[in-house]
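K.L.:
Input file: query-v4.cif. Contents: mmCIF, C-alpha atoms, pLDDT in the B column; chains and numbers go by the auth columns.
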data_coords
#
loop_
_atom_site.group_PDB
_atom_site.id
_atom_site.type_symbol
_atom_site.label_atom_id
_atom_site.label_comp_id
_atom_site.label_asym_id
_atom_site.label_seq_id
_atom_site.Cartn_x
_atom_site.Cartn_y
_atom_site.Cartn_z
_atom_site.B_iso_or_equiv
_atom_site.auth_seq_id
_atom_site.auth_asym_id
ATOM 1 C CA MET A 1 7.943 7.968 -17.349 52.00 179 A
ATOM 2 C CA LYS A 2 4.910 7.521 -19.593 60.00 180 A
ATOM 3 C CA ASN A 3 5.475 3.773 -19.425 90.00 181 A
ATOM 4 C CA THR A 4 5.619 3.971 -15.623 93.00 182 A
ATOM 5 C CA SER A 5 2.294 5.787 -15.535 93.00 183 A
ATOM 6 C CA GLN A 6 0.645 3.110 -17.675 94.00 184 A
ATOM 7 C CA GLU A 7 2.201 0.271 -15.670 95.00 185 A
ATOM 8 C CA TYR A 8 1.084 1.979 -12.456 96.00 186 A
ATOM 9 C CA ASP A 9 -2.476 2.240 -13.749 96.00 187 A
ATOM 10 C CA LYS A 10 -2.522 -1.463 -14.712 96.00 188 A
ATOM 11 C CA VAL A 11 -1.420 -2.516 -11.236 97.00 189 A
ATOM 12 C CA ILE A 12 -3.916 -0.209 -9.534 98.00 190 A
ATOM 13 C CA SER A 13 -6.694 -1.448 -11.803 97.00 191 A
ATOM 14 C CA VAL A 14 -6.192 -4.989 -10.487 97.00 192 A
ATOM 15 C CA CYS A 15 -6.004 -3.746 -6.881 98.00 193 A
ATOM 16 C CA GLN A 16 -9.117 -1.617 -7.237 98.00 194 A
ATOM 17 C CA ASP A 17 -11.038 -4.456 -8.865 98.00 195 A
ATOM 18 C CA LEU A 18 -10.262 -6.679 -5.872 97.00 196 A
ATOM 19 C CA PHE A 19 -11.200 -3.842 -3.470 98.00 197 A
ATOM 20 C CA GLU A 20 -14.569 -3.410 -5.199 97.00 198 A
ATOM 21 C CA LYS A 21 -15.284 -7.147 -5.142 97.00 199 A
ATOM 22 C CA LYS A 22 -14.438 -7.372 -1.442 97.00 200 A
ATOM 23 C CA MET A 23 -16.618 -4.322 -0.765 96.00 201 A
ATOM 24 C CA THR A 24 -19.457 -6.170 -2.500 96.00 202 A
ATOM 25 C CA ASP A 25 -18.828 -9.332 -0.460 96.00 203 A
ATOM 26 C CA TYR A 26 -18.079 -7.786 2.949 97.00 204 A
ATOM 27 C CA GLY A 27 -19.309 -4.209 2.807 96.00 205 A
ATOM 28 C CA SER A 28 -17.200 -1.622 4.574 97.00 206 A
ATOM 29 C CA ALA A 29 -16.590 -3.677 7.725 97.00 207 A
ATOM 30 C CA TRP A 30 -13.003 -2.351 7.607 97.00 208 A
ATOM 31 C CA ARG A 31 -14.346 1.095 8.603 98.00 209 A
ATOM 32 C CA ILE A 32 -14.364 -0.011 12.254 97.00 210 A
ATOM 33 C CA LEU A 33 -10.592 -0.613 12.224 97.00 211 A
ATOM 34 C CA ARG A 34 -8.442 1.890 14.068 96.00 212 A
ATOM 35 C CA LEU A 35 -5.267 3.037 12.325 95.00 213 A
ATOM 36 C CA PRO A 36 -2.942 0.868 14.441 96.00 214 A
ATOM 37 C CA SER A 37 -5.024 -2.178 13.452 97.00 215 A
ATOM 38 C CA LEU A 38 -4.654 -1.316 9.777 97.00 216 A
ATOM 39 C CA THR A 39 -0.940 -0.699 10.277 97.00 217 A
ATOM 40 C CA ASP A 40 -0.626 -4.119 11.895 97.00 218 A
ATOM 41 C CA GLN A 41 -2.458 -5.759 8.969 97.00 219 A
ATOM 42 C CA ILE A 42 -0.020 -4.113 6.560 98.00 220 A
ATOM 43 C CA PHE A 43 2.887 -5.183 8.778 97.00 221 A
ATOM 44 C CA ILE A 44 1.727 -8.815 8.694 97.00 222 A
ATOM 45 C CA LYS A 45 1.593 -8.714 4.891 97.00 223 A
ATOM 46 C CA ALA A 46 5.051 -7.133 4.616 97.00 224 A
ATOM 47 C CA GLN A 47 6.504 -9.666 7.066 96.00 225 A
ATOM 48 C CA ARG A 48 4.995 -12.492 5.021 95.00 226 A
ATOM 49 C CA ILE A 49 6.560 -11.083 1.855 96.00 227 A
ATOM 50 C CA ARG A 50 9.933 -10.964 3.567 96.00 228 A
ATOM 51 C CA SER A 51 9.511 -14.548 4.782 93.00 229 A
ATOM 52 C CA LEU A 52 8.555 -15.690 1.286 92.00 230 A
ATOM 53 C CA GLN A 53 11.660 -13.966 -0.078 92.00 231 A
ATOM 54 C CA GLU A 54 13.970 -15.527 2.508 92.00 232 A
ATOM 55 C CA ASN A 55 12.570 -19.045 2.981 85.00 233 A
ATOM 56 C CA GLU A 56 13.497 -21.763 0.543 77.00 234 A
ATOM 57 C CA VAL A 57 10.435 -23.851 1.410 75.00 235 A
ATOM 58 C CA ARG A 58 6.900 -22.526 1.058 69.00 236 A
ATOM 59 C CA LYS A 59 4.113 -24.397 2.789 72.00 237 A
ATOM 60 C CA VAL A 60 1.424 -22.375 0.999 73.00 238 A
ATOM 61 C CA ASP A 61 1.765 -22.189 -2.771 71.00 239 A
ATOM 62 C CA GLU A 62 1.534 -18.411 -3.157 75.00 240 A
ATOM 63 C CA ASP A 63 3.987 -15.736 -4.185 82.00 241 A
ATOM 64 C CA GLU A 64 4.317 -12.167 -2.979 93.00 242 A
ATOM 65 C CA THR A 65 1.843 -10.722 -5.491 95.00 243 A
ATOM 66 C CA GLY A 66 -1.275 -11.046 -3.346 95.00 244 A
ATOM 67 C CA GLU A 67 0.496 -9.591 -0.337 96.00 245 A
ATOM 68 C CA PHE A 68 1.678 -6.501 -2.245 98.00 246 A
ATOM 69 C CA ILE A 69 -1.898 -6.017 -3.490 98.00 247 A
ATOM 70 C CA GLY A 70 -3.073 -6.318 0.110 97.00 248 A
ATOM 71 C CA ILE A 71 -0.577 -3.681 1.240 98.00 249 A
ATOM 72 C CA ILE A 72 -1.841 -1.294 -1.429 98.00 250 A
ATOM 73 C CA ASN A 73 -5.486 -1.796 -0.504 98.00 251 A
ATOM 74 C CA TYR A 74 -4.944 -1.650 3.264 98.00 252 A
ATOM 75 C CA CYS A 75 -2.889 1.542 2.859 98.00 253 A
ATOM 76 C CA ILE A 76 -5.737 3.104 0.903 98.00 254 A
ATOM 77 C CA MET A 77 -8.157 2.063 3.641 98.00 255 A
ATOM 78 C CA ALA A 78 -5.838 3.709 6.157 98.00 256 A
ATOM 79 C CA LEU A 79 -5.741 6.930 4.115 98.00 257 A
ATOM 80 C CA ILE A 80 -9.539 6.901 4.009 98.00 258 A
ATOM 81 C CA GLN A 81 -9.656 6.337 7.774 97.00 259 A
ATOM 82 C CA LEU A 82 -7.298 9.285 8.273 95.00 260 A
ATOM 83 C CA GLU A 83 -9.729 11.475 6.346 96.00 261 A
ATOM 84 C CA LEU A 84 -13.060 10.178 7.676 97.00 262 A
ATOM 85 C CA GLY A 85 -12.130 8.845 11.090 96.00 263 A
ATOM 86 C CA VAL A 86 -13.107 5.436 12.422 96.00 264 A
ATOM 87 C CA ALA A 87 -16.761 4.423 12.197 97.00 265 A
ATOM 88 C CA ASP A 88 -18.747 2.451 14.782 96.00 266 A
ATOM 89 C CA GLN A 89 -20.508 0.516 12.027 96.00 267 A
ATOM 90 C CA PRO A 90 -19.898 -0.039 8.323 95.00 268 A
ATOM 91 C CA ASP A 91 -21.063 3.190 6.724 96.00 269 A
ATOM 92 C CA LEU A 92 -19.850 3.272 3.125 96.00 270 A
ATOM 93 C CA GLY A 93 -21.497 1.842 0.069 96.00 271 A
ATOM 94 C CA VAL A 94 -19.436 0.468 -2.783 97.00 272 A
ATOM 95 C CA ALA A 95 -19.781 3.602 -4.948 97.00 273 A
ATOM 96 C CA LYS A 96 -18.651 6.011 -2.188 97.00 274 A
ATOM 97 C CA ALA A 97 -15.788 3.711 -1.139 97.00 275 A
ATOM 98 C CA VAL A 98 -14.583 3.478 -4.749 97.00 276 A
ATOM 99 C CA GLU A 99 -14.814 7.263 -5.105 98.00 277 A
ATOM 100 C CA LEU A 100 -12.624 7.686 -2.005 98.00 278 A
ATOM 101 C CA TYR A 101 -10.261 4.950 -3.237 98.00 279 A
ATOM 102 C CA GLU A 102 -9.809 6.714 -6.569 98.00 280 A
ATOM 103 C CA ALA A 103 -9.209 10.072 -4.873 98.00 281 A
ATOM 104 C CA LYS A 104 -6.502 8.609 -2.618 98.00 282 A
ATOM 105 C CA ILE A 105 -4.846 6.834 -5.547 98.00 283 A
ATOM 106 C CA ALA A 106 -4.866 10.010 -7.633 98.00 284 A
ATOM 107 C CA LEU A 107 -2.981 11.879 -4.892 97.00 285 A
ATOM 108 C CA THR A 108 -0.597 8.969 -4.366 97.00 286 A
ATOM 109 C CA LYS A 109 0.123 8.588 -8.083 97.00 287 A
ATOM 110 C CA LYS A 110 0.825 12.336 -8.343 96.00 288 A
ATOM 111 C CA LEU A 111 3.314 11.990 -5.472 94.00 289 A
ATOM 112 C CA MET A 112 4.940 9.062 -7.304 95.00 290 A
ATOM 113 C CA GLU A 113 5.199 11.049 -10.529 94.00 291 A
ATOM 114 C CA ASP A 114 6.795 14.014 -8.730 93.00 292 A
ATOM 115 C CA LYS A 115 9.294 11.837 -6.854 91.00 293 A
ATOM 116 C CA ASN A 116 9.933 9.687 -9.910 90.00 294 A
ATOM 117 C CA HIS A 117 10.838 12.818 -11.862 87.00 295 A
ATOM 118 C CA ASP A 118 13.272 13.946 -9.178 91.00 296 A
ATOM 119 C CA TYR A 119 14.807 10.488 -8.589 89.00 297 A
ATOM 120 C CA GLY A 120 15.013 9.541 -12.267 88.00 298 A
ATOM 121 C CA GLU A 121 13.215 6.209 -11.867 89.00 299 A
ATOM 122 C CA ALA A 122 15.977 4.859 -9.636 90.00 300 A
ATOM 123 C CA TRP A 123 13.508 2.264 -8.320 93.00 301 A
ATOM 124 C CA ARG A 124 13.818 0.354 -11.607 92.00 302 A
ATOM 125 C CA GLU A 125 17.357 -0.656 -10.554 92.00 303 A
ATOM 126 C CA MET A 126 16.249 -1.812 -7.107 94.00 304 A
ATOM 127 C CA ARG A 127 15.573 -5.331 -5.967 95.00 305 A
ATOM 128 C CA VAL A 128 12.064 -6.319 -4.902 96.00 306 A
ATOM 129 C CA SER A 129 13.590 -7.395 -1.573 96.00 307 A
ATOM 130 C CA SER A 130 14.872 -3.837 -1.020 97.00 308 A
ATOM 131 C CA LEU A 131 11.401 -2.432 -1.676 97.00 309 A
ATOM 132 C CA THR A 132 10.063 -4.904 0.886 97.00 310 A
ATOM 133 C CA ASP A 133 12.616 -3.674 3.415 97.00 311 A
ATOM 134 C CA LEU A 134 11.654 -0.056 2.722 97.00 312 A
ATOM 135 C CA ILE A 135 7.996 -0.919 3.304 98.00 313 A
ATOM 136 C CA LEU A 136 8.907 -2.551 6.622 97.00 314 A
ATOM 137 C CA GLN A 137 10.955 0.504 7.581 97.00 315 A
ATOM 138 C CA LYS A 138 8.000 2.786 6.774 96.00 316 A
ATOM 139 C CA LEU A 139 5.758 0.557 8.894 97.00 317 A
ATOM 140 C CA LEU A 140 8.100 0.833 11.860 95.00 318 A
ATOM 141 C CA ARG A 141 8.061 4.603 11.410 93.00 319 A
ATOM 142 C CA VAL A 142 4.258 4.652 11.295 94.00 320 A
ATOM 143 C CA LYS A 143 4.082 2.522 14.446 94.00 321 A
ATOM 144 C CA GLN A 144 6.384 4.979 16.208 92.00 322 A
ATOM 145 C CA ILE A 145 4.313 7.960 15.048 90.00 323 A
ATOM 146 C CA GLU A 146 1.155 6.174 16.236 91.00 324 A
ATOM 147 C CA ASP A 147 2.812 5.509 19.596 89.00 325 A
ATOM 148 C CA ASN A 148 3.583 9.252 19.716 87.00 326 A
ATOM 149 C CA GLN A 149 -0.129 10.013 19.163 81.00 327 A
ATOM 150 C CA GLY A 150 0.613 11.267 15.648 77.00 328 A
ATOM 151 C CA LYS A 151 3.089 13.928 16.722 76.00 329 A
ATOM 152 C CA THR A 152 6.309 14.427 14.765 75.00 330 A
ATOM 153 C CA ILE A 153 9.008 17.049 15.127 75.00 331 A
ATOM 154 C CA VAL A 154 10.642 17.075 11.690 75.00 332 A
ATOM 155 C CA SER A 155 9.248 14.016 9.954 77.00 333 A
ATOM 156 C CA GLU A 156 6.505 13.582 7.395 81.00 334 A
ATOM 157 C CA GLY A 157 3.184 12.392 8.710 84.00 335 A
ATOM 158 C CA ILE A 158 1.501 9.027 8.636 92.00 336 A
ATOM 159 C CA ASP A 159 -0.295 9.763 5.365 94.00 337 A
ATOM 160 C CA ALA A 160 2.974 10.258 3.457 94.00 338 A
ATOM 161 C CA ASN A 161 4.291 6.955 4.808 95.00 339 A
ATOM 162 C CA TYR A 162 1.158 5.098 3.667 97.00 340 A
ATOM 163 C CA GLN A 163 1.504 6.718 0.246 97.00 341 A
ATOM 164 C CA ASP A 164 5.150 5.660 0.010 97.00 342 A
ATOM 165 C CA MET A 165 4.187 2.086 0.917 98.00 343 A
ATOM 166 C CA ILE A 166 1.589 2.077 -1.847 98.00 344 A
ATOM 167 C CA ASN A 167 4.129 3.332 -4.350 98.00 345 A
ATOM 168 C CA TYR A 168 6.828 0.883 -3.250 98.00 346 A
ATOM 169 C CA SER A 169 4.302 -1.948 -3.579 98.00 347 A
ATOM 170 C CA VAL A 170 3.310 -0.813 -7.067 98.00 348 A
ATOM 171 C CA PHE A 171 6.991 -0.627 -8.030 97.00 349 A
ATOM 172 C CA ALA A 172 7.562 -4.148 -6.701 97.00 350 A
ATOM 173 C CA LEU A 173 4.626 -5.477 -8.700 97.00 351 A
ATOM 174 C CA ILE A 174 5.884 -3.713 -11.843 96.00 352 A
ATOM 175 C CA LEU A 175 9.347 -5.202 -11.318 95.00 353 A
ATOM 176 C CA MET A 176 7.739 -8.608 -10.873 94.00 354 A
ATOM 177 C CA LYS A 177 6.046 -8.012 -14.243 86.00 355 A
ATOM 178 C CA PHE A 178 2.605 -8.170 -12.664 70.00 356 A
ATOM 179 C CA GLY A 179 -0.191 -6.829 -14.830 52.00 357 A
ATOM 180 C CA ASN A 180 1.995 -6.697 -17.964 48.00 358 A
#
Re-express the file's structure as C-alpha cells.

P.N.:
Amino acid sequence: MKNTSQEYDKVISVCQDLFEKKMTDYGSAWRILRLPSLTDQIFIKAQRIRSLQENEVRKVDEDETGEFIGIINYCIMALIQLELGVADQPDLGVAKAVELYEAKIALTKKLMEDKNHDYGEAWREMRVSSLTDLILQKLLRVKQIEDNQGKTIVSEGIDANYQDMINYSVFALILMKFGN
C-alpha cells in the first residue's frame, strides 16, 4: 500500500502541475461551468479513451494518458464547483484554486486508501479498459443523478462518483506506468 500511496502522489503531482499551468494561462474561466457541463467534458474524455482502446487506427498521435489526466482535473473542478457553486465570472486566483485542489485530492486519496485497504488492491489485477468502463458507468450515474436534480434514494452522491473517477483514472495511469 505504501507503494500505491507514492505512485498516487506522483500521478497527482503531474496532474496538479498541469492544472496550475492552465490556471496561469486561462485563469479560473472554468468556474462558470455548471456541473452538467463538467460532467459532459469528463464524458467526452472517457469516450475518447474508449475509442483509443478499441480503434486500431489513430488519426491523432496521442495515447490515453492526457485524457486520464483531464478526467482527474475536471473531476476536481467539479468537486470544487459542488463546494463553491457556479460563479458568474472567474473568481479564483492560482493560489486559492491550488489550495482547493489539494484539499479535494487529500479527501479523495483518503477514500482511495480506505477502499484499497478493504479491497486488497484488487485494481492492480484489472485491465485499463475495465477502469475506463467503470469511469463511463460512473458518468452515466452522475448524469442520471443530475437529471434527478441531485436526489438519490439509496445511492451515493455525485461527489463520491467524481472521487471514484479520479481514483480509477489514477489507477489506470499507474497501470500504464505513467509517472514511474

K.L.:
Exactly which residues make up the result of the PyMOL selection byres ((chain A and resi 353) around 12) on this file, given as a PyMOL selection string?

P.N.:
chain A and resi 182+185-186+189+242-243+246+301-309+346-352+354-358

K.L.:
At a cut-off of 12 Å from (-6.3, 8.8, 10.8) in the coordinates of the file, what residues are picked up using only C-alpha atoms, written as JSON, numbers by chain?

P.N.:
{"A": [209, 211, 212, 213, 214, 215, 216, 217, 253, 254, 255, 256, 257, 258, 259, 260, 261, 262, 263, 264, 265, 320, 323, 324, 327, 328, 335, 336, 337, 338, 340]}

K.L.:
Could you check which of A:Glu234, A:Asp218, A:Glu280, A:Asp292 is closest to Leu318 (chain A), using only C-alpha atoms?

P.N.:
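Selected residue with least distance to Leu318 (chain A): A:Asp218.
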
K.L.:
Hey, what comes out of the PyMOL selection byres ((chain A and resi 276) around 12) on this file? Could you write it as a PyMOL selection string?

P.N.:
chain A and resi 191+193-202+205-206+251+254-255+258+270-275+277-283

K.L.:
Would you work out the distance separating CA of Asp239 (chain A) from CA of Ile222 (chain A), expressed in Å to one decimal?

P.N.:
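Between CA of Asp239 (chain A) and CA of Ile222 (chain A) the gap works out to 17.6 Å.
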
K.L.:
To one decimal in Å, tell me the separation between CA of Gln231 (chain A) and CA of Glu299 (chain A).

P.N.:
23.4 Å

K.L.:
So, counting only C-alpha atoms, which residue among A:Met290, A:Gln341, A:Thr310, A:Tyr297 is closest to Glu245 (chain A)?

P.N.:
A:Thr310

K.L.:
If you measure from CA of Met343 (chain A) to CA of Leu312 (chain A), what distance in Å do you get, rounded to one decimal?

P.N.:
8.0 Å
